[in-house]
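Visitor: This is input.txt (compact mmCIF, C-alpha atoms).
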```txt
# COMPACT_ATOMS: atom_id res chain seq x y z
CA MET P 795 42.94 290.74 102.44
CA ARG P 796 43.11 287.51 100.47
CA LEU P 797 43.40 284.19 102.31
CA LEU P 798 46.94 283.73 101.09
CA ALA P 799 48.97 286.69 99.98
CA GLY P 800 52.66 287.40 99.74
CA VAL P 801 54.94 284.81 101.27
CA TYR P 802 54.20 281.22 102.34
CA VAL P 803 57.19 279.64 104.07
CA ILE P 804 57.64 275.86 104.06
CA THR P 805 59.94 274.54 106.76
CA ASP P 806 62.78 272.16 105.92
CA ARG P 807 65.26 271.06 108.57
CA PHE P 808 67.64 269.65 105.94
CA ALA P 809 67.90 272.79 103.77
CA ASN P 810 69.96 274.46 106.48
CA LEU P 811 71.13 272.14 109.23
CA SER P 812 71.69 275.00 111.65
CA LEU P 813 67.97 275.89 111.63
CA THR P 814 65.17 273.89 113.25
CA HIS P 815 61.58 273.93 112.00
CA ILE P 816 60.78 276.29 114.86
CA ASP P 817 63.64 278.64 113.94
CA ILE P 818 62.36 278.88 110.37
CA VAL P 819 58.83 279.59 111.56
CA ARG P 820 60.11 282.34 113.85
CA TYR P 821 62.02 283.97 110.98
CA ALA P 822 59.00 283.60 108.67
CA VAL P 823 56.70 285.29 111.17
CA GLU P 824 59.25 288.03 111.85
CA GLY P 825 59.53 288.75 108.14
CA GLY P 826 55.78 288.99 107.66
CA ALA P 827 54.88 285.66 106.01
CA SER P 828 51.13 285.10 105.74
CA ALA P 829 51.43 281.32 106.10
CA VAL P 830 53.87 278.62 107.20
CA GLN P 831 53.82 274.92 106.49
CA LEU P 832 55.43 272.23 108.63
CA ARG P 833 56.86 269.71 106.21
CA ASP P 834 59.00 266.74 107.28
CA LYS P 835 58.67 263.36 105.63
CA GLN P 836 61.33 261.75 107.87
CA ALA P 837 60.09 262.75 111.30
CA THR P 838 58.17 260.56 113.71
CA THR P 839 54.58 261.41 114.58
CA ARG P 840 55.69 262.39 118.07
CA GLN P 841 58.25 264.86 116.68
CA LEU P 842 55.74 266.39 114.27
CA TRP P 843 53.25 266.76 117.10
CA GLU P 844 55.76 268.49 119.38
CA TRP P 845 56.91 270.84 116.62
CA GLY P 846 53.32 271.45 115.56
CA LEU P 847 52.27 272.53 119.06
CA ALA P 848 55.17 274.99 119.24
CA ILE P 849 54.43 276.34 115.75
CA ARG P 850 50.75 276.72 116.60
CA GLU P 851 51.68 278.92 119.54
CA ILE P 852 53.98 281.15 117.53
CA THR P 853 51.63 281.48 114.56
CA SER P 854 48.50 282.05 116.66
CA ARG P 855 50.15 284.93 118.44
CA ALA P 856 51.24 286.43 115.10
CA LYS P 857 47.97 285.63 113.26
CA VAL P 858 49.87 283.67 110.63
CA LEU P 859 48.21 280.67 108.95
CA PHE P 860 49.68 277.30 109.94
CA PHE P 861 49.45 274.35 107.56
CA VAL P 862 50.74 270.83 108.06
CA ASN P 863 52.06 268.95 105.05
CA ASP P 864 50.22 265.67 104.44
CA ARG P 865 49.29 264.79 108.02
CA VAL P 866 45.66 265.39 108.93
CA ASP P 867 46.24 263.78 112.35
CA ILE P 868 48.95 266.30 113.23
CA ALA P 869 46.86 269.19 111.90
CA LEU P 870 43.94 268.14 114.12
CA ALA P 871 46.07 267.38 117.19
CA CYS P 872 47.91 270.72 116.93
CA GLU P 873 44.84 272.73 115.88
CA ALA P 874 46.56 273.90 112.73
CA ASP P 875 44.58 276.00 110.25
CA GLY P 876 44.78 273.24 107.70
CA VAL P 877 46.77 270.76 105.66
CA HIS P 878 48.59 270.78 102.38
CA LEU P 879 48.03 267.66 100.27
CA GLY P 880 49.89 266.19 97.30
CA ASP P 881 49.39 263.10 95.16
CA ASP P 882 50.84 260.78 97.85
CA ASP P 883 48.57 262.09 100.59
CA LEU P 884 44.89 261.62 101.44
CA PRO P 885 42.49 262.66 98.67
CA VAL P 886 40.89 266.06 99.35
CA PRO P 887 37.38 264.66 100.07
CA ALA P 888 38.74 262.11 102.57
CA ALA P 889 40.73 264.83 104.33
CA ARG P 890 37.70 267.14 104.34
CA ARG P 891 35.61 264.56 106.16
CA LEU P 892 38.16 264.48 108.97
CA LEU P 893 38.96 268.19 109.07
CA GLY P 894 35.45 269.63 108.86
CA ALA P 895 34.37 272.70 106.92
CA LYS P 896 36.38 275.27 108.83
CA ARG P 897 39.90 273.99 108.39
CA LEU P 898 41.69 274.75 105.13
CA ILE P 899 42.94 272.30 102.53
CA GLY P 900 45.61 273.17 99.97
CA ARG P 901 46.38 270.92 97.03
CA SER P 902 49.51 270.66 94.86
CA VAL P 903 48.70 270.81 91.14
CA ALA P 904 50.76 270.72 87.96
CA ASN P 905 48.34 272.18 85.40
CA GLU P 906 44.89 273.68 84.74
CA GLU P 907 43.02 270.37 84.80
CA GLU P 908 44.40 269.42 88.20
CA ALA P 909 43.66 272.91 89.54
CA ILE P 910 40.03 272.71 88.46
CA ALA P 911 39.71 269.19 89.85
CA ALA P 912 41.13 270.36 93.20
CA ILE P 913 38.60 273.19 93.42
CA ARG P 914 35.74 270.81 92.60
CA GLN P 915 36.94 268.46 95.36
CA GLY P 916 36.84 271.31 97.83
CA ALA P 917 40.44 272.53 98.09
CA ASP P 918 40.69 276.05 99.54
CA TYR P 919 43.80 276.92 97.57
CA VAL P 920 46.07 275.29 95.02
CA SER P 921 49.81 275.49 94.70
CA LEU P 922 51.32 275.15 91.25
CA GLY P 923 54.84 273.89 90.77
CA SER P 924 57.59 273.58 90.26
CA ILE P 925 57.63 276.95 88.53
CA PHE P 926 61.43 276.84 88.16
CA ALA P 927 63.97 274.05 88.58
CA THR P 928 64.71 273.22 92.22
CA ASP P 929 66.79 270.74 94.13
CA THR P 930 64.84 270.99 97.40
CA LYS P 931 62.21 268.52 96.23
CA PRO P 932 63.82 266.00 93.87
CA ASP P 933 60.46 264.35 93.10
CA ALA P 934 58.85 267.57 91.95
CA GLY P 935 58.99 266.77 88.21
CA PRO P 936 60.09 269.11 85.39
CA PRO P 937 59.48 272.86 85.85
CA VAL P 938 56.09 274.07 84.61
CA GLY P 939 57.21 277.64 83.91
CA LEU P 940 55.58 281.08 84.02
CA GLU P 941 53.36 280.55 80.97
CA ARG P 942 51.68 277.62 82.72
CA LEU P 943 51.22 279.77 85.79
CA LYS P 944 49.41 282.40 83.69
CA LYS P 945 47.20 279.71 82.15
CA VAL P 946 46.27 278.27 85.55
CA ARG P 947 45.53 281.79 86.82
CA SER P 948 43.25 282.36 83.83
CA VAL P 949 41.07 279.30 84.53
CA LEU P 950 40.68 279.94 88.28
CA PRO P 951 38.04 282.21 89.80
CA GLN P 952 39.60 285.64 90.19
CA ASP P 953 39.62 285.52 93.98
CA TYR P 954 40.69 281.86 94.31
CA PRO P 955 44.09 281.66 96.04
CA LEU P 956 46.90 280.52 93.77
CA VAL P 957 50.28 279.76 95.32
CA ALA P 958 53.37 279.28 93.17
CA ILE P 959 56.17 277.01 94.32
CA GLY P 960 59.52 275.71 93.17
CA GLY P 961 62.81 277.51 92.69
CA ILE P 962 61.36 280.91 93.58
CA ASN P 963 63.72 283.49 95.07
CA LEU P 964 64.38 287.22 95.19
CA SER P 965 65.67 287.26 91.62
CA ASN P 966 62.56 285.79 89.99
CA ALA P 967 59.63 286.32 92.41
CA ASP P 968 58.60 289.54 90.62
CA LYS P 969 57.81 287.58 87.45
CA VAL P 970 55.85 285.03 89.48
CA PHE P 971 53.67 287.71 91.06
CA GLU P 972 53.25 289.37 87.65
CA ALA P 973 52.06 286.04 86.23
CA GLY P 974 49.24 286.03 88.78
CA ALA P 975 50.43 284.18 91.88
CA ASP P 976 48.85 285.43 95.10
CA ALA P 977 51.69 284.04 97.13
CA VAL P 978 55.07 282.42 96.62
CA ALA P 979 55.89 279.30 98.60
CA VAL P 980 59.56 279.22 99.48
CA ILE P 981 61.88 276.79 101.21
CA SER P 982 65.53 277.41 100.33
CA ALA P 983 65.05 281.12 99.61
CA VAL P 984 64.38 281.53 103.33
CA ALA P 985 66.13 278.61 105.04
CA LYS P 986 69.39 279.16 103.15
CA ALA P 987 69.38 282.97 103.29
CA ASP P 988 72.02 284.76 105.37
CA ASP P 989 69.16 286.70 106.94
CA PRO P 990 66.00 284.57 106.63
CA SER P 991 63.52 287.12 107.96
CA GLN P 992 64.97 289.78 105.67
CA ALA P 993 64.52 287.37 102.75
CA VAL P 994 60.81 287.09 103.62
CA ARG P 995 60.57 290.87 103.95
CA SER P 996 62.18 291.43 100.55
CA LEU P 997 59.86 288.92 98.85
CA LEU P 998 56.94 290.63 100.52
CA ASP P 999 58.15 294.01 99.20
CA LEU P 1000 58.02 292.58 95.68
CA TRP P 1001 54.50 291.32 96.30
CA ARG P 1002 53.36 294.70 97.64
CA ARG P 1003 54.81 296.50 94.63
CA ILE P 1004 53.25 294.14 92.09
CA ARG P 1005 50.11 292.70 93.69
CA GLY P 1006 49.55 295.11 96.56
CA GLY P 1007 46.78 296.87 94.63
CA ASP P 1008 44.80 293.61 94.56
CA ARG P 1009 44.36 293.60 98.31
CA GLY P 1010 40.62 293.07 98.72
CA MET I 295 34.65 236.90 124.95
CA ARG I 296 37.52 239.22 125.78
CA LEU I 297 38.28 242.24 123.56
CA LEU I 298 41.52 240.66 122.39
CA ALA I 299 41.99 236.94 122.60
CA GLY I 300 44.16 234.47 120.77
CA VAL I 301 46.05 235.82 117.79
CA TYR I 302 46.73 239.42 116.76
CA VAL I 303 48.45 239.59 113.36
CA ILE I 304 50.61 242.59 112.45
CA THR I 305 51.20 243.04 108.73
CA ASP I 306 54.69 243.51 107.33
CA ARG I 307 55.32 243.66 103.60
CA PHE I 308 59.08 243.25 104.07
CA ALA I 309 58.95 240.07 106.19
CA ASN I 310 57.89 238.10 103.13
CA LEU I 311 58.20 239.97 99.87
CA SER I 312 55.73 237.68 98.12
CA LEU I 313 52.90 238.76 100.45
CA THR I 314 51.14 242.14 100.42
CA HIS I 315 49.52 243.66 103.50
CA ILE I 316 46.17 242.54 102.09
CA ASP I 317 47.39 238.96 101.59
CA ILE I 318 48.52 238.78 105.20
CA VAL I 319 45.18 240.12 106.43
CA ARG I 320 43.32 237.54 104.34
CA TYR I 321 45.41 234.71 105.82
CA ALA I 322 44.97 236.11 109.32
CA VAL I 323 41.22 236.25 108.96
CA GLU I 324 41.11 232.79 107.42
CA GLY I 325 43.09 231.38 110.34
CA GLY I 326 40.82 232.96 112.93
CA ALA I 327 42.83 235.93 114.20
CA SER I 328 40.85 238.22 116.49
CA ALA I 329 42.70 241.36 115.37
CA VAL I 330 44.97 242.64 112.62
CA GLN I 331 47.20 245.69 112.58
CA LEU I 332 48.33 247.55 109.47
CA ARG I 333 51.93 248.58 110.11
CA ASP I 334 54.14 250.22 107.50
CA LYS I 335 56.56 252.97 108.41
CA GLN I 336 57.78 253.41 104.81
CA ALA I 337 54.49 253.78 102.96
CA THR I 338 52.92 257.03 101.79
CA THR I 339 49.67 258.22 103.33
CA ARG I 340 47.88 257.45 100.07
CA GLN I 341 49.12 253.85 100.12
CA LEU I 342 48.14 253.37 103.77
CA TRP I 343 44.69 254.77 103.02
CA GLU I 344 44.14 252.45 100.05
CA TRP I 345 45.34 249.40 101.98
CA GLY I 346 43.32 250.47 105.01
CA LEU I 347 40.08 250.68 103.03
CA ALA I 348 40.64 247.18 101.64
CA ILE I 349 41.52 245.79 105.07
CA ARG I 350 38.45 247.44 106.59
CA GLU I 351 36.24 245.61 104.10
CA ILE I 352 37.82 242.22 104.75
CA THR I 353 37.85 242.59 108.53
CA SER I 354 34.33 244.02 108.79
CA ARG I 355 32.93 241.06 106.91
CA ALA I 356 34.84 238.67 109.20
CA LYS I 357 34.18 240.66 112.41
CA VAL I 358 37.92 240.92 113.08
CA LEU I 359 39.27 243.99 114.85
CA PHE I 360 41.33 246.31 112.62
CA PHE I 361 44.02 248.51 114.15
CA VAL I 362 46.32 250.98 112.39
CA ASN I 363 49.84 251.40 113.70
CA ASP I 364 50.64 254.99 114.68
CA ARG I 365 48.38 256.82 112.21
CA VAL I 366 45.22 258.27 113.68
CA ASP I 367 44.40 259.94 110.34
CA ILE I 368 44.39 256.61 108.51
CA ALA I 369 42.38 254.95 111.28
CA LEU I 370 39.72 257.68 111.02
CA ALA I 371 39.69 257.81 107.22
CA CYS I 372 39.38 254.01 106.95
CA GLU I 373 37.03 253.64 109.91
CA ALA I 374 39.38 251.23 111.62
CA ASP I 375 38.50 250.00 115.10
CA GLY I 376 41.47 251.81 116.54
CA VAL I 377 45.16 252.58 116.58
CA HIS I 378 48.23 251.10 118.15
CA LEU I 379 50.63 253.65 119.62
CA GLY I 380 54.28 253.48 120.63
CA ASP I 381 56.73 255.98 122.09
CA ASP I 382 57.27 257.70 118.71
CA ASP I 383 53.56 258.21 118.07
CA LEU I 384 50.91 260.55 119.44
CA PRO I 385 50.45 260.37 123.22
CA VAL I 386 47.33 258.39 124.19
CA PRO I 387 45.34 261.43 125.41
CA ALA I 388 46.02 263.37 122.19
CA ALA I 389 44.95 260.38 120.10
CA ARG I 390 41.84 259.92 122.25
CA ARG I 391 40.71 263.48 121.57
CA LEU I 392 40.77 262.76 117.83
CA LEU I 393 39.39 259.22 117.95
CA GLY I 394 36.53 259.69 120.38
CA ALA I 395 35.46 257.28 123.10
CA LYS I 396 34.36 254.43 120.86
CA ARG I 397 37.54 253.68 118.94
CA LEU I 398 40.21 251.61 120.64
CA ILE I 399 43.73 252.60 121.57
CA GLY I 400 46.51 250.12 122.22
CA ARG I 401 49.83 251.13 123.73
CA SER I 402 53.24 249.44 123.61
CA VAL I 403 54.80 249.06 127.04
CA ALA I 404 58.01 247.57 128.39
CA ASN I 405 57.21 247.08 132.08
CA GLU I 406 54.62 247.40 134.85
CA GLU I 407 55.02 251.15 135.30
CA GLU I 408 54.40 251.86 131.63
CA ALA I 409 51.43 249.49 131.60
CA ILE I 410 49.79 251.27 134.53
CA ALA I 411 50.51 254.67 132.99
CA ALA I 412 48.93 253.55 129.71
CA ILE I 413 45.75 252.44 131.49
CA ARG I 414 45.57 255.73 133.38
CA GLN I 415 45.90 257.62 130.08
CA GLY I 416 43.00 255.67 128.67
CA ALA I 417 44.57 252.88 126.60
CA ASP I 418 42.15 250.03 125.90
CA TYR I 419 44.87 247.39 125.81
CA VAL I 420 48.63 247.22 126.26
CA SER I 421 51.14 245.13 124.39
CA LEU I 422 54.28 244.09 126.21
CA GLY I 423 57.47 243.32 124.31
CA SER I 424 59.70 242.15 123.09
CA ILE I 425 59.07 238.95 125.03
CA PHE I 426 61.81 237.11 123.11
CA ALA I 427 64.59 238.30 120.80
CA THR I 428 63.36 239.25 117.33
CA ASP I 429 64.85 240.68 114.17
CA THR I 430 61.54 242.00 112.75
CA LYS I 431 61.75 245.19 114.75
CA PRO I 432 65.40 246.12 115.26
CA ASP I 433 64.50 249.07 117.55
CA ALA I 434 62.53 246.90 119.97
CA GLY I 435 65.17 246.87 122.72
CA PRO I 436 66.37 243.86 124.75
CA PRO I 437 63.83 241.05 125.38
CA VAL I 438 61.76 241.50 128.54
CA GLY I 439 61.12 237.79 129.08
CA LEU I 440 58.31 235.69 130.53
CA GLU I 441 58.90 236.72 134.14
CA ARG I 442 58.26 240.34 133.22
CA LEU I 443 55.09 239.27 131.41
CA LYS I 444 53.84 237.57 134.58
CA LYS I 445 54.65 240.68 136.62
CA VAL I 446 52.79 242.95 134.21
CA ARG I 447 49.83 240.55 134.24
CA SER I 448 49.79 240.68 138.02
CA VAL I 449 49.50 244.46 138.21
CA LEU I 450 46.75 244.77 135.58
CA PRO I 451 43.04 244.41 136.28
CA GLN I 452 42.11 240.79 135.66
CA ASP I 453 39.98 241.54 132.60
CA TYR I 454 42.31 244.17 131.09
CA PRO I 455 43.60 242.95 127.70
CA LEU I 456 47.31 242.14 127.68
CA VAL I 457 48.98 241.38 124.37
CA ALA I 458 52.47 239.88 124.21
CA ILE I 459 54.74 240.65 121.27
CA GLY I 460 58.24 239.88 120.02
CA GLY I 461 59.73 236.64 118.80
CA ILE I 462 56.60 234.62 119.55
CA ASN I 463 55.98 231.52 117.43
CA LEU I 464 54.50 228.04 117.61
CA SER I 465 57.36 226.73 119.72
CA ASN I 466 57.01 229.25 122.56
CA ALA I 467 53.46 230.67 122.42
CA ASP I 468 52.22 228.13 124.99
CA LYS I 469 54.54 229.63 127.62
CA VAL I 470 53.35 233.12 126.70
CA PHE I 471 49.70 232.20 127.18
CA GLU I 472 50.58 230.40 130.42
CA ALA I 473 52.27 233.57 131.67
CA GLY I 474 48.99 235.43 131.27
CA ALA I 475 48.87 236.95 127.79
CA ASP I 476 45.38 237.22 126.35
CA ALA I 477 46.72 237.35 122.85
CA VAL I 478 50.01 236.98 121.02
CA ALA I 479 50.93 239.57 118.41
CA VAL I 480 52.85 237.97 115.58
CA ILE I 481 54.55 239.21 112.42
CA SER I 482 57.13 236.70 111.13
CA ALA I 483 55.39 233.64 112.61
CA VAL I 484 52.59 234.28 110.13
CA ALA I 485 54.18 236.19 107.23
CA LYS I 486 57.12 233.79 106.95
CA ALA I 487 55.13 230.58 107.51
CA ASP I 488 54.75 228.11 104.65
CA ASP I 489 51.04 228.15 105.38
CA PRO I 490 50.22 231.46 107.08
CA SER I 491 46.58 230.75 107.90
CA GLN I 492 47.53 227.37 109.35
CA ALA I 493 50.13 229.14 111.52
CA VAL I 494 47.36 231.37 112.92
CA ARG I 495 45.14 228.32 113.47
CA SER I 496 47.87 226.47 115.34
CA LEU I 497 48.59 229.45 117.59
CA LEU I 498 44.89 229.73 118.25
CA ASP I 499 44.76 226.04 119.19
CA LEU I 500 47.41 226.71 121.83
CA TRP I 501 45.41 229.63 123.14
CA ARG I 502 42.22 227.53 123.33
CA ARG I 503 44.00 224.79 125.19
CA ILE I 504 45.65 227.11 127.73
CA ARG I 505 43.40 230.17 128.00
CA GLY I 506 40.15 228.95 126.49
CA GLY I 507 38.66 228.43 129.93
CA ASP I 508 39.03 232.17 130.61
CA ARG I 509 36.54 233.04 127.90
CA GLY I 510 34.13 235.41 129.61
```
Is it possible to give me this structure as structure tokens?

Guide:
Amino acid sequence: MRLLAGVYVITDRFANLSLTHIDIVRYAVEGGASAVQLRDKQATTRQLWEWGLAIREITSRAKVLFFVNDRVDIALACEADGVHLGDDDLPVPAARRLLGAKRLIGRSVANEEEAIAAIRQGADYVSLGSIFATDTKPDAGPPVGLERLKKVRSVLPQDYPLVAIGGINLSNADKVFEAGADAVAVISAVAKADDPSQAVRSLLDLWRRIRGGDRG
Amino acid sequence: MRLLAGVYVITDRFANLSLTHIDIVRYAVEGGASAVQLRDKQATTRQLWEWGLAIREITSRAKVLFFVNDRVDIALACEADGVHLGDDDLPVPAARRLLGAKRLIGRSVANEEEAIAAIRQGADYVSLGSIFATDTKPDAGPPVGLERLKKVRSVLPQDYPLVAIGGINLSNADKVFEAGADAVAVISAVAKADDPSQAVRSLLDLWRRIRGGDRG
């Protein structure tokens, strides 16, 4: 089984005000997500730490990967599996020094050059986005599209984990998997779904149908 | 010489928009501060890291202690001397596990009970505040006053570093030192001064006059 495969759920307590970070993680795990990411740019450190400890418990039991967005301190304090870093966060080498060799580092990229640079710096996976237009992350920049996704796939080692993010939902995830994504990272598609765990399950069904044969 | 003595300058890029964090640190060092703290709740991790590296260089050369507010990741990545923690940050024991025994941890407290609890949890110094009313930190709560400062001093081990914070300036710092503070933490009194390094120097003169005899 690849490191990241299928569905990668990013929590967002503002996407659906009736769901907490913990609720979203529970639904993600129930639906069969392979990874979750705690992401909250407004929260205090104390809040992130408390949520992180609860998420670590849930994900450890379910053997689901747990990433923390940006915050290496929270990842270490909560014994998360790793962090996800963007341009505003610590550089990958600086984070690696703090996290050690065993914890995982994901890096947001927008094109082939950035993907290759991330690998060279020691990132364990890259996430490319936004694939489609999205209003969840207003600072995400213009959509990069499926052709870009195919290009990035083509320059990465065959078994290097490529996550696609941005505007992905049940109506377009098939094309994303077909273009070579190992996993789709979703926020709204889960948090805003009438049945969040069923949304994960349905995305995972698409992955199994299209990429299931790649299972190593 | 005590761990913290004299003047402890906390940076604030909004107190005086013409001064950067780095500017304030330079003035603090020039004036003879014994410690500086990088504090910015709005900045990105990348910004904090870049500022932190620059501040580490300046403070290492000058042998001034460098603390990071809240962020253990930044303190580790920039090899700061330690962190300063409040109620919204990591608990002291969680921070200690990440920082190791050698780095320092300061803890904000509001009374004797909190000061004793902080020591028991392993804090290396406490800062009591706000001593006087201040508009730099709107969430600081009502002023605790000089009588409270004396009470806190009386319950702490004689050589345990006690920092006073909140509304302290050249016109009242003498009373703060007389009440038993080892150091005064200042934001506006330096950042808003016409001559910031002279403001530090003048505060330090008060300390020398009142507490200089305590120098161990």

Visitor: If I take atom CA of P:Arg901 and atom CA of P:Gly961, how far is one from the other in Å, to one decimal?

Guide: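 Result for atom CA of P:Arg901 versus atom CA of P:Gly961: 18.2 Å, one decimal.
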
Visitor: Of the residues I:Thr339, I:Glu344, I:Ala329, I:Ser448, which is the one nearest to I:Arg365, using all atoms listed in the file?

Guide: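 Counting all atoms listed in the file, the residue closest to I:Arg365 is I:Thr339.
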
Visitor: Compute the set of chain P residues within 10 Å of chain I, using all atoms listed in the file, and express it as a PyMOL selection string.

Guide: chain P and resi 835-844+864-872+880-885+888-893

Visitor: In Å to one decimal, how far is atom CA of I:Val403 from atom CA of I:Asp468?

Guide: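 Atom CA of I:Val403 lies at a distance of 21.2 Å from atom CA of I:Asp468.
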
Visitor: Quick check, in Å to one decimal: how far apart do atom CA of P:Ser921 and atom CA of P:Gly935 lie?

Guide: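 Distance between the two atoms: 14.2 Å.
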
Visitor: Go ahead and fit an axis-aligned box to every listed atom of stretch 480-486 of chain I plus 4 Å each side, and pass me the centre and edge lengths in Å, one decimal, as JSON.

Guide:
```
{"center_x": 54.9, "center_y": 236.4, "center_z": 111.3, "size_x": 12.5, "size_y": 13.6, "size_z": 16.6}
```

Visitor: Which neighbours of P:Leu997 fall inside 9 Å, counting all atoms listed in the file, when residues of the same chain fewer than 3 positions from it are skipped, and could you give them as a list in words?

Guide: Gly800, Val801, Asn963, Leu964, Ala967, Asp968, Val978, Gln992, Ala993, Val994, Leu1000, Trp1001 and Arg1002 of chain P

Visitor: Applying 12 Å and all atoms listed in the file, which residues near I:Val323 remain after dropping the ones on its own chain fewer than 2 positions away? List them as a PyMOL selection string.

Guide: chain I and resi 301-304+316-321+325-331+349-360+484+490-495+498

Visitor: Keeping C-alpha atoms for every residue in the selection just given, could you write it to a file as a compact mmCIF listing (two decimals), in the coordinates of the input?

Guide:
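Saved result, result_2.txt, follows:
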```
# COMPACT_ATOMS: atom_id res chain seq x y z
CA VAL I 301 46.05 235.82 117.79
CA TYR I 302 46.73 239.42 116.76
CA VAL I 303 48.45 239.59 113.36
CA ILE I 304 50.61 242.59 112.45
CA ILE I 316 46.17 242.54 102.09
CA ASP I 317 47.39 238.96 101.59
CA ILE I 318 48.52 238.78 105.20
CA VAL I 319 45.18 240.12 106.43
CA ARG I 320 43.32 237.54 104.34
CA TYR I 321 45.41 234.71 105.82
CA GLY I 325 43.09 231.38 110.34
CA GLY I 326 40.82 232.96 112.93
CA ALA I 327 42.83 235.93 114.20
CA SER I 328 40.85 238.22 116.49
CA ALA I 329 42.70 241.36 115.37
CA VAL I 330 44.97 242.64 112.62
CA GLN I 331 47.20 245.69 112.58
CA ILE I 349 41.52 245.79 105.07
CA ARG I 350 38.45 247.44 106.59
CA GLU I 351 36.24 245.61 104.10
CA ILE I 352 37.82 242.22 104.75
CA THR I 353 37.85 242.59 108.53
CA SER I 354 34.33 244.02 108.79
CA ARG I 355 32.93 241.06 106.91
CA ALA I 356 34.84 238.67 109.20
CA LYS I 357 34.18 240.66 112.41
CA VAL I 358 37.92 240.92 113.08
CA LEU I 359 39.27 243.99 114.85
CA PHE I 360 41.33 246.31 112.62
CA VAL I 484 52.59 234.28 110.13
CA PRO I 490 50.22 231.46 107.08
CA SER I 491 46.58 230.75 107.90
CA GLN I 492 47.53 227.37 109.35
CA ALA I 493 50.13 229.14 111.52
CA VAL I 494 47.36 231.37 112.92
CA ARG I 495 45.14 228.32 113.47
CA LEU I 498 44.89 229.73 118.25
```

Visitor: List the neighbours of I:Ile459 out to 12 Å using all atoms listed in the file; skip same-chain residues closer than 3 positions along the sequence, and give me the result as a ChimeraX atom specification.

Guide: /I:301-304,401-404,420-428,430-431,434,437-440,443,456,462-463,466-467,470-471,475-483

Visitor: The residues within 7 Å of (69.8, 280.2, 109.1), using all atoms listed in the file and the coordinates of the file, should be reported as an NGL selection string; which are they?

Guide: :P and (810 or 812-813 or 985-990)

Visitor: Take the residues from that selection and put them in a file with C-alpha atoms, as an mmCIF file, keeping the file's coordinate frame.

Guide:
```
data_model
loop_
_atom_site.group_PDB
_atom_site.id
_atom_site.type_symbol
_atom_site.label_atom_id
_atom_site.label_comp_id
_atom_site.auth_asym_id
_atom_site.auth_seq_id
_atom_site.Cartn_x
_atom_site.Cartn_y
_atom_site.Cartn_z
ATOM 1 C CA ASN P 810 69.960 274.460 106.480
ATOM 2 C CA SER P 812 71.690 275.000 111.650
ATOM 3 C CA LEU P 813 67.970 275.890 111.630
ATOM 4 C CA ALA P 985 66.130 278.610 105.040
ATOM 5 C CA LYS P 986 69.390 279.160 103.150
ATOM 6 C CA ALA P 987 69.380 282.970 103.290
ATOM 7 C CA ASP P 988 72.020 284.760 105.370
ATOM 8 C CA ASP P 989 69.160 286.700 106.940
ATOM 9 C CA PRO P 990 66.000 284.570 106.630
#
```

Visitor: Since the input is missing atoms for stretch 459-469 of chain I, could you rebuild it with N, CA and C atoms and give the result as a compact mmCIF listing (two decimals), in the frame of the given file?

Guide:
```
# COMPACT_ATOMS: atom_id res chain seq x y z
N ILE I 459 54.19 240.51 122.61
CA ILE I 459 54.74 240.65 121.27
C ILE I 459 56.25 240.43 121.28
N GLY I 460 56.80 239.97 120.17
CA GLY I 460 58.24 239.88 120.02
C GLY I 460 58.78 238.48 120.05
N GLY I 461 59.10 237.95 118.88
CA GLY I 461 59.73 236.64 118.80
C GLY I 461 58.84 235.47 119.19
N ILE I 462 57.53 235.69 119.15
CA ILE I 462 56.60 234.62 119.55
C ILE I 462 56.25 233.77 118.33
N ASN I 463 56.30 232.45 118.52
CA ASN I 463 55.98 231.52 117.43
C ASN I 463 55.38 230.24 118.03
N LEU I 464 55.18 229.26 117.18
CA LEU I 464 54.50 228.04 117.61
C LEU I 464 55.26 227.29 118.70
N SER I 465 56.58 227.51 118.76
CA SER I 465 57.36 226.73 119.72
C SER I 465 57.39 227.37 121.11
N ASN I 466 56.95 228.62 121.24
CA ASN I 466 57.01 229.25 122.56
C ASN I 466 55.70 229.92 122.99
N ALA I 467 54.71 229.95 122.11
CA ALA I 467 53.46 230.67 122.42
C ALA I 467 52.74 230.07 123.63
N ASP I 468 52.90 228.75 123.84
CA ASP I 468 52.22 228.13 124.99
C ASP I 468 52.69 228.78 126.29
N LYS I 469 54.00 229.01 126.39
CA LYS I 469 54.54 229.63 127.62
C LYS I 469 54.04 231.06 127.79
```
